[in-house]
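**Student:** Take a look at coords11.cif, mmCIF, C-alpha atoms and all ligand atoms:
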```cif
data_start
#
loop_
_atom_site.label_atom_id
_atom_site.label_comp_id
_atom_site.auth_asym_id
_atom_site.auth_seq_id
_atom_site.Cartn_x
_atom_site.Cartn_y
_atom_site.Cartn_z
CA MET A 1 -5.04 -19.41 8.24
CA ASN A 2 -8.40 -20.23 9.67
CA LYS A 3 -10.83 -17.43 10.34
CA SER A 4 -10.26 -17.40 14.09
CA SER A 5 -6.53 -16.67 13.68
CA THR A 6 -4.96 -13.55 15.15
CA ILE A 7 -3.31 -11.24 12.65
CA LEU A 8 -0.90 -8.50 13.70
CA VAL A 9 -1.25 -5.57 11.29
CA THR A 10 1.77 -3.26 11.41
CA GLY A 11 0.90 0.15 9.97
CA GLY A 12 -2.76 -0.74 10.47
CA ALA A 13 -3.77 2.88 11.11
CA GLY A 14 -2.54 3.96 7.66
CA TYR A 15 -4.31 4.18 4.32
CA ILE A 16 -4.09 0.60 3.04
CA GLY A 17 -3.79 -0.92 6.53
CA SER A 18 -7.06 0.61 7.79
CA HIS A 19 -9.00 -0.72 4.79
CA THR A 20 -7.46 -4.16 5.24
CA VAL A 21 -8.34 -4.20 8.96
CA VAL A 22 -12.01 -3.62 8.05
CA LEU A 23 -12.07 -6.62 5.71
CA LEU A 24 -10.13 -8.86 8.12
CA ILE A 25 -12.54 -8.14 10.96
CA GLU A 26 -15.57 -8.53 8.72
CA ALA A 27 -14.18 -11.93 7.68
CA GLY A 28 -13.93 -12.99 11.34
CA TYR A 29 -10.18 -12.68 12.06
CA ASN A 30 -8.86 -11.32 15.33
CA VAL A 31 -6.83 -8.23 14.55
CA LEU A 32 -4.21 -6.34 16.51
CA ILE A 33 -2.97 -3.03 15.12
CA PHE A 34 0.63 -1.94 15.72
CA ASP A 35 1.49 1.60 14.60
CA ASN A 36 3.71 4.46 15.72
CA PHE A 37 1.31 7.02 14.18
CA SER A 38 4.19 8.72 12.33
CA ASN A 39 1.94 8.99 9.27
CA ALA A 40 -1.51 8.23 10.60
CA SER A 41 -4.15 9.51 12.93
CA LYS A 42 -5.87 7.72 15.80
CA GLU A 43 -9.11 8.97 14.29
CA SER A 44 -8.70 6.44 11.45
CA ILE A 45 -8.97 3.63 13.98
CA LYS A 46 -12.07 5.16 15.58
CA ARG A 47 -13.66 5.28 12.12
CA VAL A 48 -12.74 1.66 11.42
CA GLU A 49 -14.27 0.68 14.76
CA LYS A 50 -17.44 2.46 13.74
CA ILE A 51 -17.57 0.59 10.42
CA VAL A 52 -17.04 -2.85 11.98
CA GLY A 53 -19.06 -2.11 15.12
CA LYS A 54 -16.47 -3.23 17.64
CA SER A 55 -13.35 -2.00 19.34
CA ILE A 56 -9.97 -3.02 17.98
CA PRO A 57 -6.88 -3.59 20.12
CA VAL A 58 -4.13 -1.13 19.22
CA VAL A 59 -0.54 -1.04 20.38
CA GLU A 60 1.29 2.23 19.87
CA GLY A 61 4.86 1.24 19.10
CA ASP A 62 7.68 1.34 16.60
CA ILE A 63 8.85 -1.65 14.56
CA ARG A 64 12.45 -0.56 15.24
CA ASN A 65 11.85 -0.90 18.97
CA ARG A 66 12.40 -4.50 20.02
CA GLU A 67 10.77 -3.99 23.42
CA ASP A 68 7.59 -2.54 21.85
CA LEU A 69 7.33 -5.61 19.64
CA LYS A 70 8.20 -8.09 22.38
CA LYS A 71 5.35 -6.78 24.51
CA VAL A 72 2.93 -7.62 21.69
CA PHE A 73 4.20 -11.17 21.22
CA GLU A 74 4.47 -11.68 24.98
CA ASN A 75 0.81 -10.77 25.50
CA HIS A 76 -0.80 -12.28 22.38
CA THR A 77 -0.46 -15.39 20.26
CA ILE A 78 0.06 -13.99 16.79
CA ASP A 79 -0.55 -16.39 13.89
CA SER A 80 0.54 -14.12 11.05
CA VAL A 81 1.73 -10.57 10.41
CA ILE A 82 0.61 -8.26 7.62
CA HIS A 83 3.45 -5.77 7.47
CA PHE A 84 2.39 -2.37 6.12
CA ALA A 85 4.48 -0.19 8.44
CA GLY A 86 6.92 1.88 6.44
CA LEU A 87 7.69 5.31 5.09
CA LYS A 88 6.68 5.84 1.47
CA ALA A 89 7.53 9.34 0.19
CA VAL A 90 9.89 8.91 -2.75
CA GLY A 91 11.18 12.53 -2.73
CA GLU A 92 11.83 12.53 1.00
CA SER A 93 13.71 9.24 0.66
CA VAL A 94 16.17 10.90 -1.74
CA GLU A 95 16.83 13.68 0.79
CA LYS A 96 16.89 11.41 3.86
CA PRO A 97 18.00 7.96 2.72
CA LEU A 98 19.16 6.84 6.18
CA LYS A 99 15.74 7.60 7.64
CA TYR A 100 14.20 5.28 5.04
CA TYR A 101 16.74 2.48 5.44
CA ASP A 102 16.45 2.70 9.21
CA ASN A 103 12.66 2.79 9.34
CA ASN A 104 11.86 0.36 6.54
CA VAL A 105 14.82 -2.03 6.43
CA THR A 106 16.03 -2.03 10.06
CA GLY A 107 12.42 -2.00 11.23
CA THR A 108 11.60 -5.09 9.16
CA VAL A 109 14.72 -6.94 10.35
CA THR A 110 13.80 -6.21 13.98
CA LEU A 111 10.22 -7.32 13.35
CA CYS A 112 11.37 -10.62 11.81
CA GLU A 113 13.83 -11.25 14.65
CA VAL A 114 11.12 -10.81 17.27
CA MET A 115 8.65 -12.90 15.23
CA SER A 116 11.23 -15.67 15.02
CA GLU A 117 11.94 -15.48 18.75
CA TYR A 118 8.24 -16.07 19.46
CA GLY A 119 7.79 -18.77 16.81
CA CYS A 120 5.63 -16.68 14.46
CA LYS A 121 7.03 -17.28 10.96
CA SER A 122 4.26 -16.05 8.69
CA ILE A 123 4.41 -12.64 7.00
CA VAL A 124 2.67 -10.79 4.18
CA PHE A 125 4.80 -7.84 3.07
CA SER A 126 3.78 -4.61 1.31
CA SER A 127 6.09 -4.35 -1.65
CA SER A 128 5.61 -2.11 -4.64
CA ALA A 129 5.66 -1.99 -8.41
CA THR A 130 8.55 0.42 -7.91
CA VAL A 131 10.83 -2.66 -7.65
CA TYR A 132 10.50 -3.08 -11.45
CA GLY A 133 12.31 0.24 -12.03
CA ASP A 134 11.72 1.35 -15.64
CA PRO A 135 10.28 -1.87 -17.13
CA HIS A 136 11.41 -2.85 -20.65
CA THR A 137 7.81 -3.57 -21.63
CA THR A 138 4.26 -3.67 -20.25
CA PRO A 139 2.25 -5.38 -18.84
CA ILE A 140 4.67 -6.24 -16.05
CA LYS A 141 5.07 -9.85 -14.92
CA GLU A 142 6.51 -10.93 -11.58
CA ASP A 143 9.66 -12.39 -13.18
CA PHE A 144 10.71 -9.09 -14.79
CA PRO A 145 14.16 -7.75 -13.78
CA LEU A 146 14.24 -5.77 -10.54
CA SER A 147 15.88 -2.41 -9.95
CA ALA A 148 15.35 0.79 -8.03
CA THR A 149 15.89 4.44 -8.76
CA ASN A 150 15.52 5.91 -5.27
CA PRO A 151 16.11 4.93 -1.62
CA TYR A 152 12.40 4.20 -1.01
CA GLY A 153 12.36 1.71 -3.90
CA ARG A 154 15.69 0.27 -2.79
CA SER A 155 14.32 -0.24 0.73
CA LYS A 156 11.52 -2.38 -0.79
CA LEU A 157 14.01 -4.32 -2.92
CA PHE A 158 16.31 -4.92 0.06
CA ILE A 159 13.41 -6.12 2.21
CA GLU A 160 12.28 -8.50 -0.53
CA GLU A 161 15.84 -9.92 -0.68
CA ILE A 162 16.04 -10.17 3.11
CA LEU A 163 12.77 -12.10 3.25
CA ARG A 164 13.93 -14.41 0.44
CA ASP A 165 17.20 -15.06 2.33
CA LEU A 166 15.26 -15.71 5.50
CA TYR A 167 13.21 -18.36 3.71
CA ILE A 168 16.36 -19.96 2.27
CA SER A 169 17.82 -20.17 5.77
CA ASP A 170 14.63 -21.66 7.25
CA ASN A 171 11.94 -22.91 4.91
CA THR A 172 9.37 -23.13 7.69
CA TRP A 173 8.86 -19.39 7.13
CA LYS A 174 5.78 -18.50 5.08
CA VAL A 175 6.39 -15.32 3.09
CA ILE A 176 4.14 -13.52 0.61
CA LEU A 177 5.44 -10.42 -1.17
CA LEU A 178 2.61 -8.31 -2.59
CA ARG A 179 3.69 -5.77 -5.19
CA TYR A 180 1.07 -3.04 -5.26
CA PHE A 181 0.49 -0.84 -8.28
CA ASN A 182 -1.22 2.54 -7.63
CA PRO A 183 -3.77 2.40 -4.78
CA VAL A 184 -6.60 4.95 -4.96
CA GLY A 185 -10.21 5.15 -3.77
CA ALA A 186 -11.66 4.77 -0.32
CA HIS A 187 -14.10 2.65 1.65
CA GLY A 188 -17.63 2.96 0.25
CA SER A 189 -18.85 4.54 3.51
CA GLY A 190 -16.70 7.62 2.83
CA THR A 191 -15.46 7.53 6.43
CA ILE A 192 -11.91 6.25 5.87
CA GLY A 193 -9.55 7.17 3.06
CA GLU A 194 -6.18 8.57 2.11
CA ASP A 195 -5.05 11.53 4.21
CA PRO A 196 -1.56 12.58 3.16
CA ASN A 197 0.47 15.07 5.20
CA GLY A 198 1.02 18.42 3.50
CA ILE A 199 0.84 18.79 -0.26
CA PRO A 200 0.18 15.37 -1.80
CA ASN A 201 2.86 13.72 -3.91
CA ASN A 202 0.44 11.30 -5.54
CA LEU A 203 -1.99 12.02 -8.32
CA MET A 204 -5.37 11.06 -6.86
CA PRO A 205 -5.14 13.02 -3.57
CA TYR A 206 -3.82 15.97 -5.59
CA ILE A 207 -6.88 15.75 -7.86
CA THR A 208 -9.37 15.43 -4.97
CA GLN A 209 -7.79 18.29 -3.01
CA THR A 210 -7.94 20.47 -6.14
CA ALA A 211 -11.60 19.57 -6.63
CA VAL A 212 -12.43 20.40 -3.00
CA GLY A 213 -10.71 23.79 -3.36
CA LYS A 214 -7.69 23.15 -1.10
CA LEU A 215 -5.28 23.36 -4.06
CA SER A 216 -5.71 25.65 -7.03
CA CYS A 217 -4.43 23.67 -9.99
CA LEU A 218 -3.05 20.22 -10.83
CA GLY A 219 0.36 20.16 -12.50
CA VAL A 220 0.43 17.36 -15.06
CA PHE A 221 4.03 16.14 -15.03
CA GLY A 222 4.85 15.92 -18.74
CA ASP A 223 2.75 15.46 -21.89
CA ASP A 224 5.50 14.14 -24.14
CA TYR A 225 5.73 10.52 -22.97
CA ASP A 226 5.28 7.67 -25.41
CA THR A 227 1.67 7.01 -24.31
CA HIS A 228 -1.74 7.46 -25.98
CA ASP A 229 -2.02 11.14 -24.91
CA GLY A 230 1.56 11.88 -23.85
CA THR A 231 0.89 11.77 -20.09
CA GLY A 232 2.12 9.03 -17.74
CA VAL A 233 0.17 5.76 -17.61
CA ARG A 234 -0.36 3.83 -14.37
CA ASP A 235 -2.37 0.89 -13.06
CA TYR A 236 -4.74 2.47 -10.50
CA ILE A 237 -6.28 -0.05 -8.16
CA HIS A 238 -9.13 0.47 -5.72
CA VAL A 239 -7.84 0.24 -2.14
CA VAL A 240 -10.68 -2.13 -1.18
CA ASP A 241 -9.65 -4.52 -3.98
CA LEU A 242 -6.08 -4.22 -2.73
CA ALA A 243 -7.18 -4.91 0.84
CA ASN A 244 -9.05 -7.95 -0.40
CA GLY A 245 -5.80 -9.23 -1.95
CA HIS A 246 -4.39 -9.37 1.59
CA LEU A 247 -7.32 -11.46 2.76
CA LYS A 248 -6.66 -13.91 -0.05
CA ALA A 249 -2.97 -13.98 0.87
CA ILE A 250 -3.80 -14.76 4.51
CA GLU A 251 -6.19 -17.51 3.40
CA LYS A 252 -3.47 -19.15 1.28
CA ILE A 253 -0.35 -18.52 3.34
CA ASP A 254 -0.26 -21.76 5.33
CA GLY A 255 -0.23 -23.84 2.14
CA ILE A 256 2.65 -22.17 0.31
CA ASN A 257 6.04 -23.81 -0.18
CA GLU A 258 8.02 -20.93 -1.67
CA VAL A 259 8.25 -17.17 -1.29
CA LEU A 260 5.12 -16.18 -3.16
CA THR A 261 5.58 -12.93 -5.08
CA VAL A 262 2.45 -11.43 -6.58
CA ASN A 263 1.45 -8.29 -8.47
CA LEU A 264 -1.71 -6.61 -7.20
CA GLY A 265 -2.96 -4.48 -10.06
CA THR A 266 -5.90 -4.38 -12.45
CA GLY A 267 -3.96 -4.89 -15.67
CA LYS A 268 -5.39 -1.65 -17.09
CA GLY A 269 -3.33 1.48 -17.64
CA TYR A 270 -4.83 4.96 -17.44
CA SER A 271 -3.07 8.24 -18.22
CA VAL A 272 -3.05 11.31 -15.99
CA LEU A 273 -5.58 12.98 -18.31
CA ASP A 274 -7.78 9.85 -18.34
CA MET A 275 -7.87 10.09 -14.54
CA VAL A 276 -8.71 13.80 -14.59
CA LYS A 277 -11.59 13.17 -17.01
CA ALA A 278 -12.91 10.16 -15.09
CA PHE A 279 -12.76 12.12 -11.84
CA GLU A 280 -14.60 15.11 -13.34
CA LYS A 281 -17.33 12.77 -14.57
CA ALA A 282 -17.64 10.99 -11.21
CA SER A 283 -17.64 14.14 -9.09
CA GLY A 284 -19.25 16.73 -11.34
CA LYS A 285 -16.35 19.01 -10.35
CA GLU A 286 -13.89 20.64 -12.66
CA VAL A 287 -10.20 19.92 -12.06
CA PRO A 288 -8.13 22.82 -13.40
CA TYR A 289 -4.77 21.60 -14.65
CA CYS A 290 -1.73 22.81 -16.50
CA ILE A 291 1.05 20.91 -18.21
CA ALA A 292 4.23 21.02 -16.13
CA PRO A 293 7.71 19.59 -16.76
CA ARG A 294 8.32 15.86 -16.28
CA ARG A 295 8.99 14.83 -12.66
CA ALA A 296 12.49 13.39 -12.18
CA GLY A 297 12.45 9.60 -11.91
CA ASP A 298 8.98 9.11 -13.45
CA ILE A 299 8.46 6.49 -16.12
CA ALA A 300 6.09 6.52 -19.10
CA LYS A 301 4.05 3.38 -18.45
CA CYS A 302 3.57 1.02 -15.56
CA TYR A 303 0.79 -1.54 -15.40
CA ALA A 304 0.53 -5.09 -14.18
CA ASP A 305 -0.07 -8.45 -15.68
CA PRO A 306 -2.37 -9.57 -12.86
CA SER A 307 -2.85 -13.15 -14.09
CA TYR A 308 -0.55 -14.76 -11.49
CA ALA A 309 -2.64 -13.26 -8.65
CA LYS A 310 -5.70 -14.91 -10.14
CA GLU A 311 -3.88 -18.22 -10.48
CA VAL A 312 -2.30 -18.43 -7.02
CA LEU A 313 -4.51 -16.25 -4.83
CA SER A 314 -7.84 -16.60 -6.69
CA TRP A 315 -7.88 -12.80 -6.59
CA GLU A 316 -8.67 -10.19 -9.18
CA ALA A 317 -9.63 -6.55 -9.03
CA THR A 318 -13.35 -5.92 -9.43
CA LYS A 319 -13.70 -2.15 -9.14
CA GLY A 320 -13.23 0.07 -12.17
CA ILE A 321 -12.00 3.61 -12.65
CA ASP A 322 -15.46 5.18 -12.13
CA GLU A 323 -15.88 3.57 -8.73
CA MET A 324 -12.31 4.51 -7.78
CA CYS A 325 -13.04 8.16 -8.58
CA GLN A 326 -16.50 8.18 -6.95
CA ASP A 327 -15.16 6.68 -3.72
CA SER A 328 -12.12 8.99 -3.59
CA TRP A 329 -14.47 11.93 -4.02
CA ARG A 330 -17.02 10.75 -1.45
CA TRP A 331 -14.22 10.53 1.14
CA GLN A 332 -12.67 13.89 0.23
CA GLU A 333 -15.96 15.78 0.00
CA ALA A 334 -17.13 14.49 3.39
CA ASN A 335 -13.68 15.03 4.96
CA PRO A 336 -12.12 18.11 3.35
CA LYS A 337 -9.50 18.22 6.11
CA GLY A 338 -8.96 14.46 6.13
CA TYR A 339 -9.02 13.06 9.67
CA ALA A 340 -8.42 16.50 11.24
CA GLN A 341 -11.67 17.68 12.80
P1 LIG B 1 0.59 4.96 5.18
O1 LIG B 1 1.71 5.91 5.45
O2 LIG B 1 -0.78 5.47 5.16
O3 LIG B 1 0.67 3.74 6.22
C1 LIG B 1 1.86 3.29 6.79
C2 LIG B 1 1.64 3.19 8.29
O4 LIG B 1 2.82 2.71 8.92
C3 LIG B 1 1.29 4.53 8.94
O5 LIG B 1 0.14 4.35 9.75
C4 LIG B 1 2.52 4.86 9.80
O6 LIG B 1 2.19 5.61 10.95
C5 LIG B 1 3.06 3.48 10.10
N1 LIG B 1 4.50 3.40 10.35
C6 LIG B 1 5.50 3.92 9.62
N2 LIG B 1 6.69 3.64 10.17
C7 LIG B 1 6.44 2.91 11.29
C8 LIG B 1 7.26 2.33 12.28
N3 LIG B 1 8.59 2.48 12.27
N4 LIG B 1 6.68 1.64 13.29
C9 LIG B 1 5.32 1.51 13.35
N5 LIG B 1 4.50 2.06 12.44
C10 LIG B 1 5.05 2.74 11.41
O7 LIG B 1 0.95 4.22 3.80
P2 LIG B 1 0.07 3.23 2.92
O8 LIG B 1 -0.20 3.92 1.64
O9 LIG B 1 -1.01 2.66 3.70
O10 LIG B 1 1.18 2.13 2.61
C11 LIG B 1 1.29 0.94 3.37
C12 LIG B 1 2.49 0.15 2.85
O11 LIG B 1 2.31 -0.11 1.45
C13 LIG B 1 3.83 0.88 2.97
O12 LIG B 1 4.81 -0.06 3.34
C14 LIG B 1 4.05 1.41 1.58
O13 LIG B 1 5.42 1.57 1.30
C15 LIG B 1 3.46 0.30 0.72
N6 LIG B 1 3.03 0.77 -0.61
C16 LIG B 1 2.21 1.85 -0.71
C17 LIG B 1 1.86 2.32 -1.98
C18 LIG B 1 1.00 3.54 -2.13
O14 LIG B 1 1.03 4.16 -3.20
N7 LIG B 1 0.20 3.92 -1.13
C19 LIG B 1 2.33 1.66 -3.14
C20 LIG B 1 3.14 0.54 -2.98
C21 LIG B 1 3.50 0.09 -1.71
N1 LIG B 2 1.35 13.04 -11.50
C1 LIG B 2 1.09 14.29 -12.00
N2 LIG B 2 0.88 15.31 -11.12
C2 LIG B 2 0.93 15.13 -9.78
C3 LIG B 2 1.20 13.84 -9.26
C4 LIG B 2 1.42 12.82 -10.15
O1 LIG B 2 1.03 14.48 -13.21
O2 LIG B 2 0.75 16.12 -9.03
C5 LIG B 2 1.54 11.91 -12.44
C6 LIG B 2 2.90 11.25 -12.36
O3 LIG B 2 3.81 11.91 -13.19
C7 LIG B 2 2.57 9.82 -12.81
C8 LIG B 2 1.14 9.61 -12.30
O4 LIG B 2 0.60 10.91 -12.09
O5 LIG B 2 2.54 9.77 -14.22
C9 LIG B 2 1.09 8.83 -11.00
O6 LIG B 2 1.94 9.46 -10.04
P1 LIG B 2 1.89 9.09 -8.49
O7 LIG B 2 2.87 9.98 -7.79
O8 LIG B 2 0.49 9.08 -8.00
O9 LIG B 2 2.36 7.57 -8.48
P2 LIG B 2 3.71 6.91 -8.99
O10 LIG B 2 3.33 5.92 -10.04
O11 LIG B 2 4.74 7.90 -9.32
O12 LIG B 2 4.21 6.15 -7.68
C10 LIG B 2 3.31 5.42 -6.83
C11 LIG B 2 3.83 5.50 -5.39
C12 LIG B 2 5.13 4.79 -5.28
C13 LIG B 2 4.97 3.37 -5.76
C14 LIG B 2 4.44 3.36 -7.17
C15 LIG B 2 4.18 1.96 -7.64
O13 LIG B 2 3.99 6.86 -5.00
O14 LIG B 2 5.52 4.75 -3.94
O15 LIG B 2 3.22 4.10 -7.23
O16 LIG B 2 3.37 1.30 -6.74
F1 LIG B 2 6.16 2.77 -5.73
#
```
The structure given in the file should be rewritten as structure tokens.
**Tutor:**
Amino acid sequence: MNKSSTILVTGGAGYIGSHTVVLLIEAGYNVLIFDNFSNASKESIKRVEKIVGKSIPVVEGDIRNREDLKKVFENHTIDSVIHFAGLKAVGESVEKPLKYYDNNVTGTVTLCEVMSEYGCKSIVFSSSATVYGDPHTTPIKEDFPLSATNPYGRSKLFIEEILRDLYISDNTWKVILLRYFNPVGAHGSGTIGEDPNGIPNNLMPYITQTAVGKLSCLGVFGDDYDTHDGTGVRDYIHVVDLANGHLKAIEKIDGINEVLTVNLGTGKGYSVLDMVKAFEKASGKEVPYCIAPRRAGDIAKCYADPSYAKEVLSWEATKGIDEMCQDSWRWQEANPKGYAQ
């Protein structure tokens, strides 16, 4: 894509989407955000506009609603779509599987149908390391076997398969599947960041909300895993590095001749206690914790082999664990209630 292309960013008001929009605009792309605000606030877009110093066109709509999407393609020439829109809470997906299949899978099928109708056949999709299930070894390479243990993960697997089938049926489609490891951190300005609804499911927002006094104590889910200190090991990646991976994908997408499937991780695994210690050092705040039982469905270790991303996207993560913790804290400290004023 050349830098004057127009990119439709579904889910662009969300955590990873908002950071990606900043980088796209700074790089010179025209951006259009499409979001139903089911898990995001309009304030995030105002903050992004402040960072980039210009207003950003936003369409409030649902990817399951064909008419909402048609209006976008009717009124704009879209060159490529970065497709973040989706629901992502693993626990909720177990309780409400149909909600997840409808939103994530049906929504993506509808999006692709409308794209096809308007001749836009270029998509970068937010997949997840969850598609590797419980990997037989680490680091994880892109050709490892795929599986899922919950409806959220299965929705990602199904969408990957659907996009691969779409390419087989019509190889003029350009498809990049980005498998994210564990995004953390926030924009260096401290004005945009992760703002989960209710009590966070994920480790980093739980840590930051404990440090800011919203939560009293972090439960560490198990200390008897086969890892260096018994707690779960993950590949935490700074959200700005992750966002940058999307820029690289957009730069390369016109030249690909296959469905490109790429891990976006750092290649380094940190345990829950490593993260607590790094966060305490970065913030100067104590994070009280206690050891709790293992969480159902969790695995011991998950971290990427990121070498393929370097080879095909010329991308690698540059921000380490200290910067991840400092930036998460800067955002949380300045915005103890997230985007709520
Ligand atoms: P997020 O919830 O902050 O962002 C998703 C956005 O999509 C939200 O703004 C939400 O309002 C919007 N959305 C949801 N359903 C929609 C629909 N039907 N129509 C229009 N908009 C809709 O989540 P995020 O962390 O930014 O994740 C972005 C994508 O990356 C998701 O697809 C997620 O599954 C995937 N992912 C996230 C992680 C993670 O840990 N954050 C890891 C791997 C993959
Ligand atoms: N953890 C705790 N206490 C908490 C929360 C998490 O000890 O309160 C531990 C977990 O047991 C795990 C680690 O912290 O060992 C990371 O847990 P997260 O919930 O932050 O992340 P997961 O690796 O479980 O899953 C995340 C996303 C998934 C995505 C996956 C891979 O939630 O959607 O990364 O990208 F699929």
**Student:** Using only C-alpha atoms and all ligand atoms, which residues have at least one atom no more than 9 Å from ligand LIG 2 (chain B)? Output them as a PyMOL selection string.
**Tutor:** chain A and resi 88-90+127-132+152-153+156+179-184+200-207+218-223+231-236+271-273+275+291-292+294-302
**Student:** Counting all atoms listed in the file, what is within 10 Å of Asn257 (chain A), bar same-chain residues fewer than 4 positions away, as a PyMOL selection string?
**Tutor:** chain A and resi 167+171-175+253
**Student:** Produce as a tab-separated table (two decimals) with C-alpha atoms, in the coordinates of the input the set of residues near ligand LIG 1 (chain B), where near means within 9 Å with all atoms listed in the file considered.
**Tutor:**
```tsv
chain	number	residue	atom	x	y	z
A	10	THR	CA	1.77	-3.26	11.41
A	11	GLY	CA	0.90	0.15	9.97
A	12	GLY	CA	-2.76	-0.74	10.47
A	13	ALA	CA	-3.77	2.88	11.11
A	14	GLY	CA	-2.54	3.96	7.66
A	15	TYR	CA	-4.31	4.18	4.32
A	16	ILE	CA	-4.09	0.60	3.04
A	17	GLY	CA	-3.79	-0.92	6.53
A	18	SER	CA	-7.06	0.61	7.79
A	19	HIS	CA	-9.00	-0.72	4.79
A	34	PHE	CA	0.63	-1.94	15.72
A	35	ASP	CA	1.49	1.60	14.60
A	36	ASN	CA	3.71	4.46	15.72
A	37	PHE	CA	1.31	7.02	14.18
A	38	SER	CA	4.19	8.72	12.33
A	39	ASN	CA	1.94	8.99	9.27
A	40	ALA	CA	-1.51	8.23	10.60
A	41	SER	CA	-4.15	9.51	12.93
A	60	GLU	CA	1.29	2.23	19.87
A	61	GLY	CA	4.86	1.24	19.10
A	62	ASP	CA	7.68	1.34	16.60
A	63	ILE	CA	8.85	-1.65	14.56
A	64	ARG	CA	12.45	-0.56	15.24
A	65	ASN	CA	11.85	-0.90	18.97
A	83	HIS	CA	3.45	-5.77	7.47
A	84	PHE	CA	2.39	-2.37	6.12
A	85	ALA	CA	4.48	-0.19	8.44
A	86	GLY	CA	6.92	1.88	6.44
A	87	LEU	CA	7.69	5.31	5.09
A	88	LYS	CA	6.68	5.84	1.47
A	89	ALA	CA	7.53	9.34	0.19
A	102	ASP	CA	16.45	2.70	9.21
A	103	ASN	CA	12.66	2.79	9.34
A	104	ASN	CA	11.86	0.36	6.54
A	106	THR	CA	16.03	-2.03	10.06
A	107	GLY	CA	12.42	-2.00	11.23
A	108	THR	CA	11.60	-5.09	9.16
A	125	PHE	CA	4.80	-7.84	3.07
A	126	SER	CA	3.78	-4.61	1.31
A	127	SER	CA	6.09	-4.35	-1.65
A	128	SER	CA	5.61	-2.11	-4.64
A	129	ALA	CA	5.66	-1.99	-8.41
A	130	THR	CA	8.55	0.42	-7.91
A	152	TYR	CA	12.40	4.20	-1.01
A	153	GLY	CA	12.36	1.71	-3.90
A	156	LYS	CA	11.52	-2.38	-0.79
A	178	LEU	CA	2.61	-8.31	-2.59
A	179	ARG	CA	3.69	-5.77	-5.19
A	180	TYR	CA	1.07	-3.04	-5.26
A	181	PHE	CA	0.49	-0.84	-8.28
A	182	ASN	CA	-1.22	2.54	-7.63
A	183	PRO	CA	-3.77	2.40	-4.78
A	184	VAL	CA	-6.60	4.95	-4.96
A	194	GLU	CA	-6.18	8.57	2.11
A	195	ASP	CA	-5.05	11.53	4.21
A	196	PRO	CA	-1.56	12.58	3.16
A	202	ASN	CA	0.44	11.30	-5.54
A	239	VAL	CA	-7.84	0.24	-2.14
```
**Student:** Taking all atoms listed in the file into account, name the residue in A:Glu333, A:Asp170, A:Asp305, A:Asp322 that is nearest to Ile140 (chain A).
**Tutor:**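 Smallest distance to Ile140 (chain A) is found for A:Asp305.
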**Student:** What does the distance between CA of Trp329 (chain A) and CA of Glu43 (chain A) come to in Å, to one decimal place?
**Tutor:**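 Answer for the CA of Trp329 (chain A) to CA of Glu43 (chain A) separation: 19.3 Å.
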**Student:** So that I can check the surroundings of Ala282 (chain A), please list as a PyMOL selection string every protein, DNA and RNA residue that reaches within 12 Å of it, counting all atoms listed in the file and ignoring chain neighbours fewer than 4 positions away.
**Tutor:** chain A and resi 208+211+275-278+286-287+320-330
**Student:** Using C-alpha atoms, can you export the residues from the last selection as a tab-separated table (two decimals), in the coordinates of the input?
**Tutor:**
```tsv
chain	number	residue	atom	x	y	z
A	208	THR	CA	-9.37	15.43	-4.97
A	211	ALA	CA	-11.60	19.57	-6.63
A	275	MET	CA	-7.87	10.09	-14.54
A	276	VAL	CA	-8.71	13.80	-14.59
A	277	LYS	CA	-11.59	13.17	-17.01
A	278	ALA	CA	-12.91	10.16	-15.09
A	286	GLU	CA	-13.89	20.64	-12.66
A	287	VAL	CA	-10.20	19.92	-12.06
A	320	GLY	CA	-13.23	0.07	-12.17
A	321	ILE	CA	-12.00	3.61	-12.65
A	322	ASP	CA	-15.46	5.18	-12.13
A	323	GLU	CA	-15.88	3.57	-8.73
A	324	MET	CA	-12.31	4.51	-7.78
A	325	CYS	CA	-13.04	8.16	-8.58
A	326	GLN	CA	-16.50	8.18	-6.95
A	327	ASP	CA	-15.16	6.68	-3.72
A	328	SER	CA	-12.12	8.99	-3.59
A	329	TRP	CA	-14.47	11.93	-4.02
A	330	ARG	CA	-17.02	10.75	-1.45
```
**Student:** Hey, which of A:Ala317, A:Ile45, A:Val262, A:Leu8 ends up closest to Phe144 (chain A)? Count all atoms listed in the file.
**Tutor:** A:Val262
**Student:** In terms of the shortest atom-to-atom distance over all atoms listed in the file, which of A:Gly284, A:Gly28, A:Gly198, A:Gly119 is closest to Lys54 (chain A)?
**Tutor:**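 Closest to Lys54 (chain A), using all atoms listed in the file: A:Gly28.
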**Student:** Using all atoms listed in the file, pick whichever of A:Lys42, A:Lys319, A:Lys310, A:Arg164 has the shortest atom-to-atom distance to Ile176 (chain A).
**Tutor:**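 Of A:Lys42, A:Lys319, A:Lys310, A:Arg164, the one nearest Ile176 (chain A) is A:Arg164, counting all atoms listed in the file.
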**Student:** For a test of reading the model, state the distance in Å between CA of Ile82 (chain A) and CA of Arg47 (chain A), rounded to one decimal.
**Tutor:** 20.2 Å
**Student:** Could you give me, as a ChimeraX atom specification, the residues that sit within 6 Å of (-17.5, 7.5, 0.9) in the file's coordinates, counting only C-alpha atoms?
**Tutor:** /A:187-191,327,330-331
